[in-house]
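Source file: run.txt; contents: compact mmCIF, C-alpha atoms and all ligand atoms.
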# COMPACT_ATOMS: atom_id res chain seq x y z
CA MET A 102 9.72 -5.62 -0.49
CA ARG A 103 7.39 -2.69 -0.09
CA PHE A 104 5.13 -1.97 2.90
CA THR A 105 2.29 0.49 2.40
CA PHE A 106 0.42 1.74 5.45
CA ILE A 107 -3.08 3.06 4.95
CA THR A 108 -3.67 5.18 8.03
CA LEU A 109 -5.08 8.49 9.21
CA PHE A 110 -2.07 8.79 11.52
CA GLU A 111 1.23 8.35 9.70
CA SER A 112 3.01 9.98 12.65
CA LEU A 113 2.10 7.01 14.86
CA ILE A 114 4.02 4.66 12.58
CA ARG A 115 6.84 6.49 10.79
CA PRO A 116 9.10 7.29 13.78
CA TYR A 117 9.52 3.60 14.50
CA PHE A 118 11.64 3.32 11.33
CA ASN A 119 13.89 6.24 12.27
CA ASP A 120 16.27 4.16 14.38
CA SER A 121 18.13 0.93 14.74
CA ILE A 122 17.84 -2.21 12.60
CA LEU A 123 14.85 -1.21 10.49
CA LYS A 124 16.31 2.21 9.73
CA ARG A 125 19.48 0.54 8.46
CA ALA A 126 17.47 -1.95 6.43
CA ILE A 127 15.62 0.88 4.68
CA GLU A 128 18.90 2.71 4.03
CA ARG A 129 20.27 -0.51 2.51
CA GLU A 130 17.10 -0.72 0.37
CA LEU A 131 16.12 -4.12 1.74
CA PHE A 132 12.58 -2.82 1.99
CA GLU A 133 10.73 0.47 1.61
CA ILE A 134 7.75 2.00 3.38
CA ASP A 135 5.10 4.44 2.20
CA PHE A 136 1.88 5.89 3.49
CA VAL A 137 -1.57 6.61 2.12
CA ASN A 138 -4.03 8.73 4.10
CA PRO A 139 -7.75 8.07 3.45
CA ARG A 140 -8.42 11.71 4.36
CA ASP A 141 -6.75 12.68 1.08
CA PHE A 142 -9.57 10.79 -0.64
CA ALA A 143 -12.43 12.32 1.36
CA PHE A 144 -14.06 14.55 -1.22
CA ASN A 145 -16.91 15.68 1.03
CA LYS A 146 -17.22 19.15 2.54
CA HIS A 147 -15.24 18.68 5.75
CA LYS A 148 -12.96 15.86 4.57
CA LYS A 149 -14.96 13.61 6.85
CA VAL A 150 -13.67 10.03 7.07
CA ASP A 151 -15.93 8.61 9.79
CA ASP A 152 -19.65 8.28 10.37
CA TYR A 153 -22.30 6.79 12.67
CA LYS A 154 -23.23 3.13 12.38
CA ILE A 155 -26.25 2.33 10.27
CA GLY A 156 -28.78 0.70 12.60
CA GLY A 157 -27.26 2.29 15.70
CA GLY A 158 -24.48 1.27 18.03
CA ALA A 159 -21.73 3.08 19.89
CA GLY A 160 -18.87 4.84 18.14
CA LEU A 161 -17.96 5.86 14.62
CA LEU A 162 -16.85 3.76 11.65
CA LEU A 163 -14.39 4.61 8.87
CA LYS A 164 -16.53 5.52 5.87
CA PRO A 165 -16.26 3.21 2.87
CA GLU A 166 -15.65 5.73 0.07
CA PRO A 167 -12.40 7.44 1.17
CA LEU A 168 -10.91 4.13 2.28
CA SER A 169 -11.83 2.31 -0.89
CA LEU A 170 -10.46 5.15 -3.05
CA ALA A 171 -7.25 5.04 -1.01
CA ILE A 172 -6.93 1.31 -1.65
CA GLU A 173 -7.77 1.70 -5.35
CA SER A 174 -5.01 4.32 -5.66
CA ILE A 175 -2.53 1.70 -4.52
CA LEU A 176 -3.94 -1.09 -6.68
CA GLU A 177 -3.69 1.12 -9.77
CA ASN A 178 0.09 1.09 -9.43
CA SER A 179 0.75 -2.32 -7.96
CA GLN A 180 0.15 -5.73 -9.53
CA ASP A 181 1.07 -7.68 -6.43
CA ALA A 182 -0.40 -5.80 -3.47
CA HIS A 183 -1.41 -8.19 -0.68
CA ILE A 184 -3.94 -6.39 1.51
CA ILE A 185 -4.07 -6.98 5.25
CA PHE A 186 -6.68 -5.48 7.56
CA THR A 187 -5.82 -5.22 11.25
CA THR A 188 -8.79 -5.98 13.46
CA PRO A 189 -9.48 -7.77 16.74
CA VAL A 190 -11.75 -10.17 14.83
CA GLY A 191 -8.90 -11.35 12.56
CA LYS A 192 -6.99 -14.59 12.96
CA LEU A 193 -4.12 -14.43 15.41
CA PHE A 194 -0.87 -13.26 13.80
CA ARG A 195 1.91 -15.80 14.39
CA GLN A 196 5.59 -16.24 13.64
CA ASN A 197 4.84 -18.52 10.67
CA ASP A 198 2.68 -15.72 9.18
CA ALA A 199 5.63 -13.35 9.64
CA LYS A 200 7.85 -15.77 7.73
CA ARG A 201 5.33 -16.47 4.99
CA LEU A 202 4.53 -12.81 4.40
CA SER A 203 8.22 -11.85 4.29
CA LYS A 204 8.31 -13.55 0.85
CA LYS A 205 5.68 -11.20 -0.63
CA SER A 206 6.75 -8.22 -2.69
CA HIS A 207 4.12 -5.68 -1.58
CA LEU A 208 2.14 -5.72 1.67
CA VAL A 209 -0.57 -3.16 2.36
CA PHE A 210 -1.71 -2.69 5.97
CA VAL A 211 -5.08 -1.08 6.51
CA SER A 212 -5.28 0.28 10.04
CA GLY A 213 -8.78 0.81 11.38
CA ARG A 214 -9.60 3.63 13.80
CA TYR A 215 -12.70 4.57 15.76
CA GLU A 216 -14.98 1.56 16.17
CA GLY A 217 -13.79 -0.12 12.98
CA ILE A 218 -14.25 -0.18 9.23
CA ASP A 219 -17.36 -0.50 7.07
CA GLU A 220 -17.64 -4.24 6.42
CA ARG A 221 -18.17 -3.80 2.67
CA VAL A 222 -14.62 -2.48 2.23
CA ILE A 223 -13.21 -5.41 4.15
CA GLU A 224 -15.25 -7.86 2.04
CA LYS A 225 -14.11 -6.27 -1.19
CA TYR A 226 -10.41 -5.81 -0.57
CA ALA A 227 -9.07 -7.95 2.28
CA ASP A 228 -6.68 -10.74 1.41
CA GLU A 229 -6.25 -11.47 5.12
CA LEU A 230 -7.50 -10.16 8.47
CA PHE A 231 -5.17 -10.29 11.44
CA SER A 232 -5.41 -9.63 15.17
CA ILE A 233 -2.26 -9.32 17.27
CA GLY A 234 -3.94 -10.61 20.44
CA ASP A 235 -7.14 -10.97 22.37
CA PHE A 236 -7.40 -7.35 23.44
CA VAL A 237 -8.75 -4.22 21.79
CA LEU A 238 -6.45 -1.37 20.75
CA THR A 239 -7.63 2.17 20.03
CA GLY A 240 -6.59 1.67 16.42
CA GLY A 241 -4.84 -0.71 14.08
CA GLU A 242 -1.59 1.25 13.76
CA LEU A 243 0.22 -0.57 16.56
CA ALA A 244 -0.94 -3.89 15.15
CA SER A 245 0.26 -2.98 11.62
CA LEU A 246 3.58 -1.84 13.03
CA ALA A 247 4.04 -4.97 15.14
CA MET A 248 3.35 -7.17 12.13
CA CYS A 249 5.58 -5.14 9.83
CA ASP A 250 8.42 -5.39 12.35
CA ALA A 251 8.01 -9.15 12.72
CA ILE A 252 7.79 -9.64 8.94
CA SER A 253 10.64 -7.37 7.96
CA ARG A 254 13.19 -9.04 10.23
CA ASN A 255 12.58 -12.22 8.21
CA ILE A 256 13.58 -10.50 4.97
CA GLU A 257 16.98 -11.70 3.86
CA GLY A 258 19.75 -9.39 5.09
CA VAL A 259 17.69 -7.34 7.57
CA LEU A 260 19.21 -9.06 10.58
CA GLY A 261 22.95 -9.11 10.10
CA ASN A 262 23.41 -12.56 11.60
CA THR A 263 21.10 -15.21 10.12
CA PHE A 264 21.75 -17.48 13.10
CA SER A 265 19.64 -15.20 15.22
CA LEU A 266 16.63 -16.18 13.09
CA LYS A 267 17.33 -19.90 13.48
CA GLU A 268 17.71 -19.92 17.25
CA GLU A 269 14.90 -17.67 18.25
CA SER A 270 11.58 -18.23 19.96
CA TYR A 271 8.76 -20.13 18.22
CA GLU A 272 11.15 -22.19 16.08
CA GLU A 273 9.59 -25.65 16.30
CA SER A 274 7.00 -24.14 18.71
CA LEU A 275 9.58 -23.62 21.44
CA LEU A 276 10.58 -20.47 23.26
CA GLU A 277 14.22 -19.50 23.12
CA ALA A 278 16.51 -20.90 25.83
CA PRO A 279 17.66 -18.42 28.51
CA SER A 280 20.81 -16.50 27.49
CA PHE A 281 23.45 -14.70 29.51
CA THR A 282 26.12 -12.08 28.90
CA LYS A 283 29.03 -10.63 30.92
CA PRO A 284 29.72 -10.46 33.84
CA ASN A 285 30.00 -14.18 34.57
CA ILE A 286 28.72 -13.55 38.10
CA PHE A 287 25.82 -11.20 38.64
CA GLU A 288 24.04 -10.87 41.99
CA ASN A 289 26.02 -13.95 43.04
CA ILE A 290 24.51 -16.06 40.26
CA ALA A 291 26.45 -17.69 37.41
CA PRO A 292 25.02 -19.03 34.14
CA PRO A 293 24.85 -22.86 33.90
CA SER A 294 28.49 -23.97 34.08
CA GLU A 295 28.22 -25.78 30.71
CA PHE A 296 27.80 -22.38 29.02
CA LEU A 297 31.24 -21.30 30.31
CA LYS A 298 33.09 -24.44 29.18
CA GLY A 299 32.77 -23.81 25.44
CA ASN A 300 31.74 -27.30 24.24
CA HIS A 301 29.28 -26.25 21.53
CA GLY A 302 27.57 -29.65 21.18
CA ARG A 303 26.89 -29.87 24.90
CA ILE A 304 25.78 -26.22 25.06
CA ALA A 305 23.33 -26.83 22.20
CA ALA A 306 21.93 -29.93 23.96
CA LEU A 307 21.53 -28.02 27.22
CA LYS A 308 19.85 -25.14 25.39
CA LYS A 309 17.27 -27.53 23.95
CA THR A 310 16.52 -28.89 27.42
CA LEU A 311 16.25 -25.39 28.87
CA ALA A 312 14.07 -24.23 25.98
CA LEU A 313 11.70 -27.13 26.63
CA ALA A 314 11.59 -26.35 30.37
CA LYS A 315 11.02 -22.65 29.76
CA THR A 316 8.25 -23.31 27.25
CA LYS A 317 6.57 -25.82 29.58
CA PHE A 318 6.67 -23.27 32.42
CA HIS A 319 5.58 -20.13 30.54
CA ARG A 320 3.53 -21.50 27.65
CA ALA A 321 2.12 -24.95 28.33
CA ASP A 322 0.00 -24.61 25.15
CA LEU A 323 3.10 -24.30 22.95
CA TYR A 324 4.91 -27.01 24.88
CA LEU A 325 2.21 -29.54 24.07
CA LYS A 326 2.49 -28.66 20.36
CA SER A 327 6.28 -28.75 20.29
CA LYS A 328 7.78 -30.95 17.60
CA ILE A 329 10.74 -31.68 19.86
CA LEU A 330 8.43 -32.99 22.57
CA GLN A 331 6.74 -35.18 19.97
CA ARG A 332 10.11 -36.51 18.84
CA ILE A 333 11.07 -37.30 22.43
CA LYS A 334 7.79 -39.21 22.88
CA GLU A 335 8.40 -41.14 19.62
CA ASP A 336 11.90 -42.08 20.80
CA GLU A 337 10.49 -43.34 24.09
CA LYS A 338 8.03 -45.71 22.34
N1 LIG A 401 -7.35 -3.14 16.23
C1 LIG A 401 -7.83 -3.01 17.48
N2 LIG A 401 -7.43 -4.01 18.25
C2 LIG A 401 -6.66 -4.83 17.48
C3 LIG A 401 -5.97 -6.04 17.71
N3 LIG A 401 -5.98 -6.66 18.89
N4 LIG A 401 -5.29 -6.59 16.69
C4 LIG A 401 -5.30 -5.99 15.49
N5 LIG A 401 -5.94 -4.85 15.21
C5 LIG A 401 -6.62 -4.27 16.19

In structure tokens, what does this structure look like?
Amino acid sequence: MRFTFITLFESLIRPYFNDSILKRAIERELFEIDFVNPRDFAFNKHKKVDDYKIGGGAGLLLKPEPLSLAIESILENSQDAHIIFTTPVGKLFRQNDAKRLSKKSHLVFVSGRYEGIDERVIEKYADELFSIGDFVLTGGELASLAMCDAISRNIEGVLGNTFSLKEESYEESLLEAPSFTKPNIFENIAPPSEFLKGNHGRIAALKKTLALAKTKFHRADLYLKSKILQRIKEDEK
């Protein structure tokens, strides 16, 4: 898998891959990252990449020409580039998108800056538009990075232990059950005693119950969608 970031600010993204799991994954060639800067395609006098909005309005937009040339430079050398624009008007990025996109061979993230991107470039090149939440960032870099992180950990081999993918939050629309580590007593509180007894079947059953309770408490919207809840209702019929 290859991730290409189109951004004016490579330095906002690159350091994230200099440590920990994603660094190791790159060293093990499970995926690669590269960067394209639209400023390198700004062939005007001052290498200008932004301009005022036609028709007025606050802020500056990324100009269409440098960005489209940057994208074309990638398309020239890639048959399978899947182009994602990060924008607050995109659909909400979810765990199932992370899983789906982890099967692609080349993802290109276009990070907007200033007040956004000229709509004609989006219309021409976007395969998908994503938002990472109902808030506005100063630029798309954090959004691209968040998505890349969530996608890459679904690539085979990136997480050493594949069980961690199975048990984690959002599987079947449920949040992950609470977990505990040593010491057994902390601030006078012990984990549920079942966890200490080592009966894996009973621990798994308890985890499901706790996951349901946690989801109901923190995310009632997910709880109502949960497949497990639906199954429980079916069983009760
Ligand atoms: N750019 C600015 N805000 C954003 C958001 N919430 N999601 C994705 N890209 C963005």

Which of A:Leu275, A:Ser253, A:Ile185, A:Ala126 sits closest to Gln331 in chain A [using only C-alpha atoms]: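 Using only C-alpha atoms, Gln331 in chain A sits closest to A:Leu275.
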
At most 7 Å from ligand LIG 401 (chain A) (only C-alpha atoms and all ligand atoms): residue list as JSON, numbers by chain: {"A": [187, 188, 189, 213, 231, 232, 233, 234, 235, 236, 237, 238, 239, 240, 241, 244]}

With C-alpha atoms kept, could you save the residues just selected as a short mmCIF file (atom, residue, chain, number, x, y, z; two decimals), in the frame of the given file?
data_model
loop_
_atom_site.label_atom_id
_atom_site.label_comp_id
_atom_site.auth_asym_id
_atom_site.auth_seq_id
_atom_site.Cartn_x
_atom_site.Cartn_y
_atom_site.Cartn_z
CA THR A 187 -5.82 -5.22 11.25
CA THR A 188 -8.79 -5.98 13.46
CA PRO A 189 -9.48 -7.77 16.74
CA GLY A 213 -8.78 0.81 11.38
CA PHE A 231 -5.17 -10.29 11.44
CA SER A 232 -5.41 -9.63 15.17
CA ILE A 233 -2.26 -9.32 17.27
CA GLY A 234 -3.94 -10.61 20.44
CA ASP A 235 -7.14 -10.97 22.37
CA PHE A 236 -7.40 -7.35 23.44
CA VAL A 237 -8.75 -4.22 21.79
CA LEU A 238 -6.45 -1.37 20.75
CA THR A 239 -7.63 2.17 20.03
CA GLY A 240 -6.59 1.67 16.42
CA GLY A 241 -4.84 -0.71 14.08
CA ALA A 244 -0.94 -3.89 15.15
#

Closest of A:Tyr215, A:Tyr117, A:Phe210, A:Phe106 to Phe136 in chain A - atom-to-atom distances counting only C-alpha atoms: A:Phe106

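CA of Val150 in chain A lies 6.6 Å from CA of Pro167 in chain A.
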
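Proximity of A:Ser245, A:Thr105, A:Asn255, A:Thr316 to Ser174 in chain A, computed with only C-alpha atoms, is greatest for A:Thr105.
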
Length of the CA of Thr282 in chain A to CA of Leu297 in chain A vector [Å]: 10.6 Å

Between CA of Lys315 in chain A and CA of Ala278 in chain A, distance in Å (one decimal):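 CA of Ala278 in chain A lies 7.0 Å from CA of Lys315 in chain A.
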
Compile the contact shell of Met102 in chain A as a PDB file with C-alpha atoms, in the coordinates of the input: residues with an atom at most 9 Å away, counting all atoms listed in the file, same-chain residues fewer than 6 positions apart removed.
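Result file follows (result_13.pdb):
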ATOM      1  CA  GLU A 130      17.100  -0.720   0.370  1.00  0.00           C
ATOM      2  CA  LEU A 131      16.120  -4.120   1.740  1.00  0.00           C
ATOM      3  CA  PHE A 132      12.580  -2.820   1.990  1.00  0.00           C
ATOM      4  CA  GLU A 133      10.730   0.470   1.610  1.00  0.00           C
ATOM      5  CA  ILE A 134       7.750   2.000   3.380  1.00  0.00           C
ATOM      6  CA  SER A 203       8.220 -11.850   4.290  1.00  0.00           C
ATOM      7  CA  LYS A 204       8.310 -13.550   0.850  1.00  0.00           C
ATOM      8  CA  LYS A 205       5.680 -11.200  -0.630  1.00  0.00           C
ATOM      9  CA  SER A 206       6.750  -8.220  -2.690  1.00  0.00           C
ATOM     10  CA  HIS A 207       4.120  -5.680  -1.580  1.00  0.00           C
ATOM     11  CA  LEU A 208       2.140  -5.720   1.670  1.00  0.00           C
ATOM     12  CA  SER A 253      10.640  -7.370   7.960  1.00  0.00           C
ATOM     13  CA  ILE A 256      13.580 -10.500   4.970  1.00  0.00           C
TER      14      ILE A 256
END

Generate the coordinates of N, CA and C atoms for range 165-192 of chain A; report them as a CSV table (one decimal), keeping the file's coordinate frame.
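As a result, result_1.csv now contains:
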chain,number,residue,atom,x,y,z
A,165,PRO,N,-16.8,4.1,3.9
A,165,PRO,CA,-16.3,3.2,2.9
A,165,PRO,C,-15.6,4.0,1.7
A,166,GLU,N,-16.2,5.1,1.3
A,166,GLU,CA,-15.6,5.7,0.1
A,166,GLU,C,-14.2,6.2,0.1
A,167,PRO,N,-13.8,7.0,1.2
A,167,PRO,CA,-12.4,7.4,1.2
A,167,PRO,C,-11.4,6.3,1.3
A,168,LEU,N,-11.8,5.3,2.1
A,168,LEU,CA,-10.9,4.1,2.3
A,168,LEU,C,-10.8,3.3,1.0
A,169,SER,N,-11.9,3.1,0.3
A,169,SER,CA,-11.8,2.3,-0.9
A,169,SER,C,-11.1,3.1,-2.0
A,170,LEU,N,-11.2,4.4,-2.1
A,170,LEU,CA,-10.5,5.2,-3.0
A,170,LEU,C,-9.0,5.1,-2.7
A,171,ALA,N,-8.7,5.1,-1.4
A,171,ALA,CA,-7.2,5.0,-1.0
A,171,ALA,C,-6.7,3.7,-1.5
A,172,ILE,N,-7.4,2.7,-1.3
A,172,ILE,CA,-6.9,1.3,-1.6
A,172,ILE,C,-6.8,1.2,-3.2
A,173,GLU,N,-7.8,1.7,-3.9
A,173,GLU,CA,-7.8,1.7,-5.4
A,173,GLU,C,-6.5,2.4,-5.9
A,174,SER,N,-6.2,3.5,-5.2
A,174,SER,CA,-5.0,4.3,-5.7
A,174,SER,C,-3.7,3.5,-5.6
A,175,ILE,N,-3.7,2.6,-4.6
A,175,ILE,CA,-2.5,1.7,-4.5
A,175,ILE,C,-2.6,0.6,-5.6
A,176,LEU,N,-3.8,0.0,-5.7
A,176,LEU,CA,-3.9,-1.1,-6.7
A,176,LEU,C,-3.7,-0.7,-8.1
A,177,GLU,N,-4.0,0.6,-8.4
A,177,GLU,CA,-3.7,1.1,-9.8
A,177,GLU,C,-2.2,1.0,-10.2
A,178,ASN,N,-1.3,1.1,-9.1
A,178,ASN,CA,0.1,1.1,-9.4
A,178,ASN,C,0.8,-0.1,-8.9
A,179,SER,N,0.1,-1.1,-8.5
A,179,SER,CA,0.8,-2.3,-8.0
A,179,SER,C,0.0,-3.6,-8.4
A,180,GLN,N,0.8,-4.5,-9.1
A,180,GLN,CA,0.2,-5.7,-9.5
A,180,GLN,C,0.0,-6.7,-8.4
A,181,ASP,N,0.9,-6.6,-7.4
A,181,ASP,CA,1.1,-7.7,-6.4
A,181,ASP,C,0.8,-7.3,-5.0
A,182,ALA,N,-0.1,-6.2,-4.8
A,182,ALA,CA,-0.4,-5.8,-3.5
A,182,ALA,C,-1.2,-6.9,-2.7
A,183,HIS,N,-0.7,-7.2,-1.5
A,183,HIS,CA,-1.4,-8.2,-0.7
A,183,HIS,C,-2.0,-7.4,0.5
A,184,ILE,N,-3.3,-7.4,0.6
A,184,ILE,CA,-3.9,-6.4,1.5
A,184,ILE,C,-4.4,-7.0,2.8
A,185,ILE,N,-3.8,-6.4,3.9
A,185,ILE,CA,-4.1,-7.0,5.2
A,185,ILE,C,-4.8,-5.9,6.1
A,186,PHE,N,-5.9,-6.4,6.7
A,186,PHE,CA,-6.7,-5.5,7.6
A,186,PHE,C,-6.3,-5.9,9.0
A,187,THR,N,-6.1,-4.9,9.8
A,187,THR,CA,-5.8,-5.2,11.2
A,187,THR,C,-7.1,-5.0,12.0
A,188,THR,N,-7.5,-6.0,12.7
A,188,THR,CA,-8.8,-6.0,13.5
A,188,THR,C,-8.8,-7.0,14.6
A,189,PRO,N,-9.4,-6.7,15.7
A,189,PRO,CA,-9.5,-7.8,16.7
A,189,PRO,C,-10.2,-9.0,16.3
A,190,VAL,N,-11.0,-9.0,15.2
A,190,VAL,CA,-11.8,-10.2,14.8
A,190,VAL,C,-10.9,-11.0,13.8
A,191,GLY,N,-9.7,-10.6,13.5
A,191,GLY,CA,-8.9,-11.4,12.6
A,191,GLY,C,-8.3,-12.6,13.2
A,192,LYS,N,-7.7,-13.4,12.4
A,192,LYS,CA,-7.0,-14.6,13.0
A,192,LYS,C,-5.7,-14.1,13.7
